[in-house]
file my_file15.pdb (PDB, C-alpha atoms)
ATOM      1  CA  GLU A   1      12.339 -16.976  -3.260  1.00  0.00           C
ATOM      2  CA  THR A   2      10.085 -15.266  -5.808  1.00  0.00           C
ATOM      3  CA  GLY A   3       8.374 -11.991  -5.016  1.00  0.00           C
ATOM      4  CA  VAL A   4       4.813 -10.909  -5.751  1.00  0.00           C
ATOM      5  CA  THR A   5       4.076 -10.760  -9.469  1.00  0.00           C
ATOM      6  CA  GLN A   6       1.059  -9.240 -11.188  1.00  0.00           C
ATOM      7  CA  SER A   7      -0.271  -9.478 -14.710  1.00  0.00           C
ATOM      8  CA  PRO A   8      -0.865  -7.726 -16.955  1.00  0.00           C
ATOM      9  CA  THR A   9       1.206  -4.620 -16.191  1.00  0.00           C
ATOM     10  CA  HIS A  10      -1.014  -2.338 -18.265  1.00  0.00           C
ATOM     11  CA  LEU A  11      -4.553  -2.689 -19.564  1.00  0.00           C
ATOM     12  CA  ILE A  12      -7.003  -0.482 -21.444  1.00  0.00           C
ATOM     13  CA  LYS A  13     -10.703  -1.308 -21.262  1.00  0.00           C
ATOM     14  CA  THR A  14     -13.928   0.330 -22.398  1.00  0.00           C
ATOM     15  CA  ARG A  15     -16.592   1.492 -19.962  1.00  0.00           C
ATOM     16  CA  GLY A  16     -19.046  -1.336 -19.234  1.00  0.00           C
ATOM     17  CA  GLN A  17     -16.557  -4.114 -19.920  1.00  0.00           C
ATOM     18  CA  GLN A  18     -15.257  -6.648 -17.419  1.00  0.00           C
ATOM     19  CA  VAL A  19     -11.605  -7.170 -16.407  1.00  0.00           C
ATOM     20  CA  THR A  20      -9.600  -9.827 -14.577  1.00  0.00           C
ATOM     21  CA  LEU A  21      -6.290  -9.034 -12.927  1.00  0.00           C
ATOM     22  CA  ARG A  22      -3.936 -11.719 -11.627  1.00  0.00           C
ATOM     23  CA  CYS A  23      -1.485 -11.990  -8.763  1.00  0.00           C
ATOM     24  CA  SER A  24       1.015 -14.637  -7.696  1.00  0.00           C
ATOM     25  CA  SER A  25       1.832 -14.363  -4.017  1.00  0.00           C
ATOM     26  CA  GLN A  26       5.305 -14.590  -2.550  1.00  0.00           C
ATOM     27  CA  SER A  27       6.509 -18.119  -1.901  1.00  0.00           C
ATOM     28  CA  GLY A  28       5.241 -19.392   1.464  1.00  0.00           C
ATOM     29  CA  HIS A  29       2.570 -16.681   1.820  1.00  0.00           C
ATOM     30  CA  ASN A  30      -1.090 -17.750   2.140  1.00  0.00           C
ATOM     31  CA  THR A  31      -2.748 -14.323   2.300  1.00  0.00           C
ATOM     32  CA  VAL A  32      -3.357 -11.892  -0.542  1.00  0.00           C
ATOM     33  CA  SER A  33      -4.794  -8.388  -0.285  1.00  0.00           C
ATOM     34  CA  TRP A  34      -5.875  -6.150  -3.146  1.00  0.00           C
ATOM     35  CA  TYR A  35      -5.654  -2.354  -3.196  1.00  0.00           C
ATOM     36  CA  GLN A  36      -6.757   0.380  -5.589  1.00  0.00           C
ATOM     37  CA  GLN A  37      -4.486   3.410  -5.943  1.00  0.00           C
ATOM     38  CA  ALA A  38      -5.902   6.376  -7.813  1.00  0.00           C
ATOM     39  CA  LEU A  39      -3.474   8.931  -9.208  1.00  0.00           C
ATOM     40  CA  GLY A  40      -1.962  11.070  -6.469  1.00  0.00           C
ATOM     41  CA  GLN A  41      -3.560   9.055  -3.662  1.00  0.00           C
ATOM     42  CA  GLY A  42      -2.560   6.340  -1.247  1.00  0.00           C
ATOM     43  CA  PRO A  43      -3.767   2.776  -1.859  1.00  0.00           C
ATOM     44  CA  GLN A  44      -7.303   1.879  -0.718  1.00  0.00           C
ATOM     45  CA  PHE A  45      -8.019  -1.619   0.637  1.00  0.00           C
ATOM     46  CA  ILE A  46     -10.421  -3.605  -1.580  1.00  0.00           C
ATOM     47  CA  PHE A  47     -10.435  -7.054   0.032  1.00  0.00           C
ATOM     48  CA  GLN A  48      -8.250  -9.822   1.433  1.00  0.00           C
ATOM     49  CA  TYR A  49      -8.158 -13.555   0.745  1.00  0.00           C
ATOM     50  CA  TYR A  50      -6.837 -16.070   3.250  1.00  0.00           C
ATOM     51  CA  ARG A  51      -6.688 -19.767   2.411  1.00  0.00           C
ATOM     52  CA  GLU A  52      -9.135 -19.338  -0.498  1.00  0.00           C
ATOM     53  CA  GLU A  53     -11.771 -17.474   1.541  1.00  0.00           C
ATOM     54  CA  GLU A  54     -12.558 -13.752   1.584  1.00  0.00           C
ATOM     55  CA  ASN A  55     -11.258 -12.399   4.888  1.00  0.00           C
ATOM     56  CA  GLY A  56     -12.392  -8.809   5.019  1.00  0.00           C
ATOM     57  CA  ARG A  57     -13.571  -6.217   2.533  1.00  0.00           C
ATOM     58  CA  GLY A  58     -13.172  -2.481   2.187  1.00  0.00           C
ATOM     59  CA  ASN A  59     -15.715   0.037   0.950  1.00  0.00           C
ATOM     60  CA  PHE A  60     -16.014  -1.223  -2.635  1.00  0.00           C
ATOM     61  CA  PRO A  61     -19.203  -2.258  -4.491  1.00  0.00           C
ATOM     62  CA  PRO A  62     -20.043  -5.923  -5.235  1.00  0.00           C
ATOM     63  CA  ARG A  63     -18.923  -5.564  -8.857  1.00  0.00           C
ATOM     64  CA  PHE A  64     -15.412  -5.894  -7.383  1.00  0.00           C
ATOM     65  CA  SER A  65     -14.944  -9.591  -6.672  1.00  0.00           C
ATOM     66  CA  GLY A  66     -12.062 -11.964  -6.198  1.00  0.00           C
ATOM     67  CA  LEU A  67     -10.791 -15.488  -5.968  1.00  0.00           C
ATOM     68  CA  GLN A  68      -7.881 -17.241  -4.357  1.00  0.00           C
ATOM     69  CA  PHE A  69      -6.628 -20.563  -5.673  1.00  0.00           C
ATOM     70  CA  PRO A  70      -5.113 -23.554  -3.825  1.00  0.00           C
ATOM     71  CA  ASN A  71      -1.614 -22.326  -4.696  1.00  0.00           C
ATOM     72  CA  TYR A  72      -2.605 -18.974  -3.048  1.00  0.00           C
ATOM     73  CA  SER A  73      -2.467 -17.003  -6.280  1.00  0.00           C
ATOM     74  CA  SER A  74      -5.401 -14.643  -6.676  1.00  0.00           C
ATOM     75  CA  GLU A  75      -7.622 -12.830  -9.160  1.00  0.00           C
ATOM     76  CA  LEU A  76      -9.435  -9.526  -8.948  1.00  0.00           C
ATOM     77  CA  ASN A  77     -12.488  -9.194 -11.188  1.00  0.00           C
ATOM     78  CA  VAL A  78     -14.256  -5.935 -11.902  1.00  0.00           C
ATOM     79  CA  ASN A  79     -17.571  -5.944 -13.760  1.00  0.00           C
ATOM     80  CA  ALA A  80     -19.342  -3.065 -15.490  1.00  0.00           C
ATOM     81  CA  LEU A  81     -16.222  -0.901 -15.572  1.00  0.00           C
ATOM     82  CA  GLU A  82     -16.617   2.801 -14.883  1.00  0.00           C
ATOM     83  CA  LEU A  83     -14.259   5.634 -15.794  1.00  0.00           C
ATOM     84  CA  ASP A  84     -13.434   6.104 -12.090  1.00  0.00           C
ATOM     85  CA  ASP A  85     -12.094   2.549 -11.947  1.00  0.00           C
ATOM     86  CA  SER A  86      -9.003   3.798 -13.766  1.00  0.00           C
ATOM     87  CA  ALA A  87      -6.193   3.280 -11.252  1.00  0.00           C
ATOM     88  CA  LEU A  88      -3.150   1.254 -10.293  1.00  0.00           C
ATOM     89  CA  TYR A  89      -4.309  -2.053  -8.796  1.00  0.00           C
ATOM     90  CA  LEU A  90      -1.903  -3.491  -6.283  1.00  0.00           C
ATOM     91  CA  CYS A  91      -1.689  -6.968  -4.885  1.00  0.00           C
ATOM     92  CA  ALA A  92       0.101  -7.604  -1.587  1.00  0.00           C
ATOM     93  CA  SER A  93       0.942 -10.910   0.011  1.00  0.00           C
ATOM     94  CA  SER A  94       1.475 -11.655   3.688  1.00  0.00           C
ATOM     95  CA  LEU A  95       2.868 -14.732   5.395  1.00  0.00           C
ATOM     96  CA  THR A  96      -0.518 -15.302   7.002  1.00  0.00           C
ATOM     97  CA  ALA A  97      -3.687 -13.295   7.766  1.00  0.00           C
ATOM     98  CA  SER A  98      -2.485 -12.183  11.190  1.00  0.00           C
ATOM     99  CA  ASN A  99       0.904 -11.082   9.910  1.00  0.00           C
ATOM    100  CA  THR A 100       1.441  -7.329   9.778  1.00  0.00           C
ATOM    101  CA  GLU A 101       3.920  -6.964   6.956  1.00  0.00           C
ATOM    102  CA  ALA A 102       2.653  -6.872   3.385  1.00  0.00           C
ATOM    103  CA  PHE A 103       4.811  -7.194   0.281  1.00  0.00           C
ATOM    104  CA  PHE A 104       3.504  -5.574  -2.865  1.00  0.00           C
ATOM    105  CA  GLY A 105       3.669  -6.453  -6.519  1.00  0.00           C
ATOM    106  CA  GLN A 106       4.440  -3.851  -9.175  1.00  0.00           C
ATOM    107  CA  GLY A 107       0.754  -3.316  -9.879  1.00  0.00           C
ATOM    108  CA  THR A 108      -1.535  -3.340 -12.904  1.00  0.00           C
ATOM    109  CA  ARG A 109      -2.303   0.039 -14.465  1.00  0.00           C
ATOM    110  CA  LEU A 110      -5.945  -0.078 -15.625  1.00  0.00           C
ATOM    111  CA  THR A 111      -7.278   2.653 -17.873  1.00  0.00           C
ATOM    112  CA  VAL A 112     -11.011   2.753 -18.589  1.00  0.00           C
ATOM    113  CA  VAL A 113     -12.026   4.813 -21.624  1.00  0.00           C
TER     114      VAL A 113
ATOM    115  CA  THR B   1     -12.080  12.174   5.536  1.00  0.00           C
ATOM    116  CA  GLN B   2      -8.662  10.566   5.562  1.00  0.00           C
ATOM    117  CA  LEU B   3      -8.079   8.328   8.585  1.00  0.00           C
ATOM    118  CA  LEU B   4      -4.327   8.836   8.287  1.00  0.00           C
ATOM    119  CA  GLU B   5      -3.207  12.347   7.394  1.00  0.00           C
ATOM    120  CA  GLN B   6       0.275  12.814   5.995  1.00  0.00           C
ATOM    121  CA  SER B   7       2.083  16.119   5.843  1.00  0.00           C
ATOM    122  CA  PRO B   8       3.446  17.690   3.888  1.00  0.00           C
ATOM    123  CA  GLN B   9       1.929  16.314   0.686  1.00  0.00           C
ATOM    124  CA  PHE B  10       4.788  17.666  -1.431  1.00  0.00           C
ATOM    125  CA  LEU B  11       8.376  18.423  -0.467  1.00  0.00           C
ATOM    126  CA  SER B  12      11.159  19.682  -2.721  1.00  0.00           C
ATOM    127  CA  ILE B  13      14.576  20.088  -1.111  1.00  0.00           C
ATOM    128  CA  GLN B  14      18.259  20.293  -1.987  1.00  0.00           C
ATOM    129  CA  GLU B  15      20.666  17.417  -1.536  1.00  0.00           C
ATOM    130  CA  GLY B  16      22.126  17.415   1.979  1.00  0.00           C
ATOM    131  CA  GLU B  17      19.102  18.922   3.716  1.00  0.00           C
ATOM    132  CA  ASN B  18      17.164  17.194   6.494  1.00  0.00           C
ATOM    133  CA  LEU B  19      13.410  16.615   6.409  1.00  0.00           C
ATOM    134  CA  THR B  20      10.582  15.164   8.458  1.00  0.00           C
ATOM    135  CA  VAL B  21       7.334  13.649   7.211  1.00  0.00           C
ATOM    136  CA  TYR B  22       4.407  13.308   9.588  1.00  0.00           C
ATOM    137  CA  CYS B  23       1.584  10.774   9.733  1.00  0.00           C
ATOM    138  CA  ASN B  24      -1.259  11.634  12.101  1.00  0.00           C
ATOM    139  CA  SER B  25      -4.562  10.095  13.142  1.00  0.00           C
ATOM    140  CA  SER B  26      -7.174  10.309  15.855  1.00  0.00           C
ATOM    141  CA  SER B  27      -7.315   6.501  15.838  1.00  0.00           C
ATOM    142  CA  VAL B  28      -5.069   3.986  17.563  1.00  0.00           C
ATOM    143  CA  PHE B  29      -3.154   1.541  15.398  1.00  0.00           C
ATOM    144  CA  SER B  30      -1.778  -1.899  16.300  1.00  0.00           C
ATOM    145  CA  SER B  31       1.197  -1.182  14.095  1.00  0.00           C
ATOM    146  CA  LEU B  32       2.315   1.302  11.505  1.00  0.00           C
ATOM    147  CA  GLN B  33       4.401   0.792   8.418  1.00  0.00           C
ATOM    148  CA  TRP B  34       6.297   3.136   6.129  1.00  0.00           C
ATOM    149  CA  TYR B  35       6.643   2.421   2.431  1.00  0.00           C
ATOM    150  CA  ARG B  36       8.470   4.086  -0.442  1.00  0.00           C
ATOM    151  CA  GLN B  37       6.963   3.944  -3.921  1.00  0.00           C
ATOM    152  CA  GLU B  38       8.522   4.897  -7.234  1.00  0.00           C
ATOM    153  CA  PRO B  39       6.443   5.793 -10.325  1.00  0.00           C
ATOM    154  CA  GLY B  40       4.810   2.745 -11.926  1.00  0.00           C
ATOM    155  CA  GLU B  41       5.959   0.435  -9.121  1.00  0.00           C
ATOM    156  CA  GLY B  42       4.388  -1.047  -6.027  1.00  0.00           C
ATOM    157  CA  PRO B  43       5.199   0.257  -2.537  1.00  0.00           C
ATOM    158  CA  VAL B  44       8.332  -1.191  -0.921  1.00  0.00           C
ATOM    159  CA  LEU B  45       8.266  -1.753   2.827  1.00  0.00           C
ATOM    160  CA  LEU B  46      10.825   0.308   4.748  1.00  0.00           C
ATOM    161  CA  VAL B  47       9.926  -0.385   8.367  1.00  0.00           C
ATOM    162  CA  THR B  48       7.224  -1.608  10.747  1.00  0.00           C
ATOM    163  CA  VAL B  49       6.765  -0.072  14.208  1.00  0.00           C
ATOM    164  CA  VAL B  50       4.527  -1.745  16.765  1.00  0.00           C
ATOM    165  CA  THR B  51       5.293  -0.332  20.224  1.00  0.00           C
ATOM    166  CA  GLY B  52       4.266   3.140  21.399  1.00  0.00           C
ATOM    167  CA  GLY B  53       7.352   5.372  21.574  1.00  0.00           C
ATOM    168  CA  GLU B  54       9.388   3.004  19.415  1.00  0.00           C
ATOM    169  CA  VAL B  55      12.225   4.462  17.354  1.00  0.00           C
ATOM    170  CA  LYS B  56      13.819   2.572  14.474  1.00  0.00           C
ATOM    171  CA  LYS B  57      16.759   3.631  12.324  1.00  0.00           C
ATOM    172  CA  LEU B  58      17.525   2.541   8.797  1.00  0.00           C
ATOM    173  CA  LYS B  59      20.771   4.202   7.712  1.00  0.00           C
ATOM    174  CA  ARG B  60      19.830   7.892   7.308  1.00  0.00           C
ATOM    175  CA  LEU B  61      16.138   7.283   7.992  1.00  0.00           C
ATOM    176  CA  THR B  62      14.681   7.467  11.509  1.00  0.00           C
ATOM    177  CA  PHE B  63      11.133   6.308  12.192  1.00  0.00           C
ATOM    178  CA  GLN B  64       9.181   7.026  15.350  1.00  0.00           C
ATOM    179  CA  PHE B  65       5.828   5.698  16.576  1.00  0.00           C
ATOM    180  CA  GLY B  66       3.935   8.010  18.910  1.00  0.00           C
ATOM    181  CA  ASP B  67       3.471   7.032  22.546  1.00  0.00           C
ATOM    182  CA  ALA B  68      -0.294   6.680  22.041  1.00  0.00           C
ATOM    183  CA  ARG B  69       0.167   4.784  18.746  1.00  0.00           C
ATOM    184  CA  LYS B  70      -1.848   7.389  16.849  1.00  0.00           C
ATOM    185  CA  ASP B  71       0.948   9.065  14.927  1.00  0.00           C
ATOM    186  CA  SER B  72       4.353   8.496  13.397  1.00  0.00           C
ATOM    187  CA  SER B  73       7.182  10.416  11.802  1.00  0.00           C
ATOM    188  CA  LEU B  74       9.909   9.730   9.280  1.00  0.00           C
ATOM    189  CA  HIS B  75      13.069  11.823   9.469  1.00  0.00           C
ATOM    190  CA  ILE B  76      15.686  11.747   6.721  1.00  0.00           C
ATOM    191  CA  THR B  77      19.137  13.128   7.433  1.00  0.00           C
ATOM    192  CA  ALA B  78      21.287  14.525   4.632  1.00  0.00           C
ATOM    193  CA  ALA B  79      18.823  13.681   1.861  1.00  0.00           C
ATOM    194  CA  GLN B  80      20.161  12.361  -1.436  1.00  0.00           C
ATOM    195  CA  PRO B  81      18.602  12.364  -4.935  1.00  0.00           C
ATOM    196  CA  GLY B  82      18.094   8.605  -4.555  1.00  0.00           C
ATOM    197  CA  ASP B  83      15.640   9.320  -1.725  1.00  0.00           C
ATOM    198  CA  THR B  84      13.227  10.846  -4.250  1.00  0.00           C
ATOM    199  CA  GLY B  85       9.867   9.076  -4.292  1.00  0.00           C
ATOM    200  CA  LEU B  86       6.422   8.792  -2.720  1.00  0.00           C
ATOM    201  CA  TYR B  87       6.531   7.982   0.993  1.00  0.00           C
ATOM    202  CA  LEU B  88       3.429   6.294   2.380  1.00  0.00           C
ATOM    203  CA  CYS B  89       2.472   5.522   5.942  1.00  0.00           C
ATOM    204  CA  ALA B  90       0.029   2.667   6.517  1.00  0.00           C
ATOM    205  CA  GLY B  91      -1.658   1.609   9.723  1.00  0.00           C
ATOM    206  CA  GLU B  92      -3.048  -1.690  10.878  1.00  0.00           C
ATOM    207  CA  ARG B  93      -6.060  -1.494  13.187  1.00  0.00           C
ATOM    208  CA  ASN B  94      -7.118  -4.107  15.745  1.00  0.00           C
ATOM    209  CA  ASN B  95      -4.387  -6.530  14.678  1.00  0.00           C
ATOM    210  CA  GLN B  96      -6.066  -6.973  11.278  1.00  0.00           C
ATOM    211  CA  GLY B  97      -2.942  -8.099   9.522  1.00  0.00           C
ATOM    212  CA  GLY B  98      -2.544  -7.033   5.897  1.00  0.00           C
ATOM    213  CA  LYS B  99      -5.664  -4.832   5.859  1.00  0.00           C
ATOM    214  CA  LEU B 100      -3.798  -1.577   5.796  1.00  0.00           C
ATOM    215  CA  ILE B 101      -5.123   1.968   5.923  1.00  0.00           C
ATOM    216  CA  PHE B 102      -2.847   4.246   3.949  1.00  0.00           C
ATOM    217  CA  GLY B 103      -2.171   7.938   4.155  1.00  0.00           C
ATOM    218  CA  GLN B 104      -2.317   9.941   0.921  1.00  0.00           C
ATOM    219  CA  GLY B 105       1.461  10.006   0.659  1.00  0.00           C
ATOM    220  CA  THR B 106       4.264  12.576   0.656  1.00  0.00           C
ATOM    221  CA  GLU B 107       5.923  13.226  -2.693  1.00  0.00           C
ATOM    222  CA  LEU B 108       9.604  13.955  -2.007  1.00  0.00           C
ATOM    223  CA  SER B 109      11.944  15.447  -4.591  1.00  0.00           C
ATOM    224  CA  VAL B 110      15.625  15.823  -3.716  1.00  0.00           C
ATOM    225  CA  LYS B 111      17.551  17.989  -6.173  1.00  0.00           C
ATOM    226  CA  PRO B 112      21.296  17.584  -6.665  1.00  0.00           C
TER     227      PRO B 112
END
call {"tool": "encode", "arguments": {"input": "my_file15.pdb", "output": "structure tokens"}}
result
Amino acid sequence: ETGVTQSPTHLIKTRGQQVTLRCSSQSGHNTVSWYQQALGQGPQFIFQYYREEENGRGNFPPRFSGLQFPNYSSELNVNALELDDSALYLCASSLTASNTEAFFGQGTRLTVV
Amino acid sequence: TQLLEQSPQFLSIQEGENLTVYCNSSSVFSSLQWYRQEPGEGPVLLVTVVTGGEVKKLKRLTFQFGDARKDSSLHITAAQPGDTGLYLCAGERNNQGGKLIFGQGTELSVKP
């Protein structure tokens, strides 16, 4: 059974650019959630995808968008990057949308300069 | 304002000491989870508690969910340097699986 994997592990982008982060969910899991973790803070919920549809969104602007594919892997896209977008982006997969337990990937460290 | 408040935010103790980390809220949660996170890694799930008053033990770690399901605590007995890390509590509201609200974390350092 493979765990949650994210790519890339580190990324440096310039303000105003766009970025795509990728996540492969754990085998058998159909739900993926994305979180942003700023330095010294707990993760903040961005949105969740369940069976290729957005299933809830946190307090993030529309320039944060996502996709989920038929194999339940997912992408997080951020447009018009701002300096404050610098953070660790975490992907978590759950067996299904109603399942409590979430299993996290190692994260993507995004630095915006 | 933080929906889940963790305390203390930082804790530095000697090996062998006991400690308790608290996670408090004015809101009711369907369940509450505790995670441990090491630098540059994602959080790793330690335990999930779902019933008010529930107590779960994981070796030297004891987790408790408050009777009203608004708060939780993590107690570590005889801490070891390997316990060093960021401890995060995360709550699920209204059975919204996977949409977790996290506390700001407790950074624990256990010195040999």
call {"tool": "interface_residues", "arguments": {"input": "my_file15.pdb", "of": "chain B", "to": "chain A", "cutoff": "12 Å", "atoms": "only C-alpha atoms", "output": "VMD selection string"}}
result
chain B and resid 2 to 6 9 to 10 29 to 50 86 to 107
call {"tool": "atom_distance", "arguments": {"input": "my_file15.pdb", "atom1": "CA of Asn18 (chain B)", "atom2": "CA of Ser109 (chain B)"}}
result
12.4 Å
call {"tool": "residues_around", "arguments": {"input": "my_file15.pdb", "residues": "Phe69 (chain A)", "least_positions_apart": "2", "cutoff": "12 Å", "atoms": "only C-alpha atoms", "output": "list of chain:residue names"}}
result
A:Arg22, A:Cys23, A:Ser24, A:Ser25, A:Asn30, A:Thr31, A:Val32, A:Tyr49, A:Tyr50, A:Arg51, A:Glu52, A:Glu53, A:Glu54, A:Gly66, A:Leu67, A:Asn71, A:Tyr72, A:Ser73, A:Ser74, A:Glu75, A:Leu76
call {"tool": "resolve_selection", "arguments": {"input": "my_file15.pdb", "expression": "the PyMOL selection byres ((chain B and resi 55-63) around 10)", "output": "ChimeraX atom specification"}}
result
/B:18-21,33-34,46-54,64-66,72-80,83
call {"tool": "residues_around", "arguments": {"input": "my_file15.pdb", "residues": "Ala80 (chain A)", "least_positions_apart": "4", "cutoff": "7 Å", "atoms": "all atoms listed in the file", "output": "PyMOL selection string"}}
result
chain A and resi 15-18
call {"tool": "atom_distance", "arguments": {"input": "my_file15.pdb", "atom1": "CA of Gln14 (chain B)", "atom2": "CA of Leu39 (chain A)"}}
result
25.6 Å
call {"tool": "atom_distance", "arguments": {"input": "my_file15.pdb", "atom1": "CA of Asp71 (chain B)", "atom2": "CA of Leu11 (chain B)"}}
result
19.5 Å
call {"tool": "axis_aligned_box", "arguments": {"input": "my_file15.pdb", "around": "region 41-53 of chain B", "padding_each_side": "8 Å", "output": "JSON"}}
result
{"center_x": 7.5, "center_y": 1.8, "center_z": 6.2, "size_x": 22.6, "size_y": 23.1, "size_z": 46.7}
call {"tool": "closest_residue", "arguments": {"input": "my_file15.pdb", "among": "B:Asp67, B:Tyr22, B:Leu108, B:Ser7", "to": "Pro81 (chain B)", "atoms": "only C-alpha atoms"}}
result
B:Leu108
call {"tool": "residues_around", "arguments": {"input": "my_file15.pdb", "residues": "Asn79 (chain A)", "least_positions_apart": "3", "cutoff": "9 Å", "atoms": "all atoms listed in the file", "output": "list in words"}}
result
Gly16, Gln17, Gln18, Val19, Thr20, Pro62, Arg63, Phe64, Ser65 and Glu82 of chain A
call {"tool": "closest_residue", "arguments": {"input": "my_file15.pdb", "among": "A:Pro70, A:Gln26, A:Thr111, A:Pro61", "to": "Ala87 (chain A)", "atoms": "only C-alpha atoms"}}
result
A:Thr111
call {"tool": "build_atoms", "arguments": {"input": "my_file15.pdb", "residues": "region 34-41 of chain A", "atoms": "all heavy atoms", "output": "short mmCIF file (atom, residue, chain, number, x, y, z; two decimals), in the coordinates of the input"}}
result
data_model
loop_
_atom_site.label_atom_id
_atom_site.label_comp_id
_atom_site.auth_asym_id
_atom_site.auth_seq_id
_atom_site.Cartn_x
_atom_site.Cartn_y
_atom_site.Cartn_z
N TRP A 34 -5.83 -6.98 -1.94
CA TRP A 34 -5.88 -6.15 -3.15
C TRP A 34 -6.16 -4.70 -2.75
O TRP A 34 -6.99 -4.44 -1.86
CB TRP A 34 -6.97 -6.64 -4.10
CG TRP A 34 -6.62 -7.90 -4.82
CD1 TRP A 34 -6.89 -9.18 -4.44
CD2 TRP A 34 -5.95 -8.00 -6.09
NE1 TRP A 34 -6.43 -10.07 -5.38
CE2 TRP A 34 -5.85 -9.36 -6.41
CE3 TRP A 34 -5.44 -7.06 -7.00
CZ2 TRP A 34 -5.26 -9.82 -7.59
CZ3 TRP A 34 -4.85 -7.52 -8.17
CH2 TRP A 34 -4.76 -8.89 -8.45
N TYR A 35 -5.50 -3.79 -3.45
CA TYR A 35 -5.65 -2.35 -3.20
C TYR A 35 -5.85 -1.62 -4.52
O TYR A 35 -5.31 -2.03 -5.55
CB TYR A 35 -4.41 -1.78 -2.51
CG TYR A 35 -4.20 -2.28 -1.09
CD1 TYR A 35 -3.59 -3.50 -0.85
CD2 TYR A 35 -4.61 -1.51 0.00
CE1 TYR A 35 -3.41 -3.96 0.44
CE2 TYR A 35 -4.43 -1.96 1.30
CZ TYR A 35 -3.82 -3.19 1.51
OH TYR A 35 -3.65 -3.64 2.80
N GLN A 36 -6.59 -0.52 -4.45
CA GLN A 36 -6.76 0.38 -5.59
C GLN A 36 -6.06 1.69 -5.26
O GLN A 36 -6.30 2.26 -4.20
CB GLN A 36 -8.24 0.64 -5.86
CG GLN A 36 -8.50 1.58 -7.04
CD GLN A 36 -9.92 2.12 -7.04
OE1 GLN A 36 -10.32 2.86 -6.16
NE2 GLN A 36 -10.70 1.73 -8.04
N GLN A 37 -5.19 2.14 -6.16
CA GLN A 37 -4.49 3.41 -5.94
C GLN A 37 -4.78 4.36 -7.09
O GLN A 37 -4.27 4.20 -8.20
CB GLN A 37 -2.98 3.19 -5.80
CG GLN A 37 -2.22 4.45 -5.41
CD GLN A 37 -0.74 4.22 -5.20
OE1 GLN A 37 -0.18 3.25 -5.71
NE2 GLN A 37 -0.08 5.09 -4.43
N ALA A 38 -5.62 5.34 -6.82
CA ALA A 38 -5.90 6.38 -7.81
C ALA A 38 -4.70 7.32 -7.89
O ALA A 38 -3.90 7.40 -6.96
CB ALA A 38 -7.16 7.14 -7.43
N LEU A 39 -4.61 8.03 -8.98
CA LEU A 39 -3.47 8.93 -9.21
C LEU A 39 -3.37 9.97 -8.11
O LEU A 39 -4.35 10.62 -7.76
CB LEU A 39 -3.66 9.61 -10.57
CG LEU A 39 -2.39 10.09 -11.27
CD1 LEU A 39 -1.45 8.93 -11.52
CD2 LEU A 39 -2.75 10.78 -12.59
N GLY A 40 -2.19 10.07 -7.50
CA GLY A 40 -1.96 11.07 -6.47
C GLY A 40 -2.53 10.72 -5.10
O GLY A 40 -2.56 11.58 -4.21
N GLN A 41 -2.96 9.49 -4.94
CA GLN A 41 -3.56 9.06 -3.66
C GLN A 41 -2.81 7.85 -3.10
O GLN A 41 -2.04 7.20 -3.80
CB GLN A 41 -5.02 8.66 -3.87
CG GLN A 41 -5.90 9.77 -4.41
CD GLN A 41 -6.08 10.88 -3.43
OE1 GLN A 41 -6.23 10.65 -2.23
NE2 GLN A 41 -6.04 12.11 -3.92
#
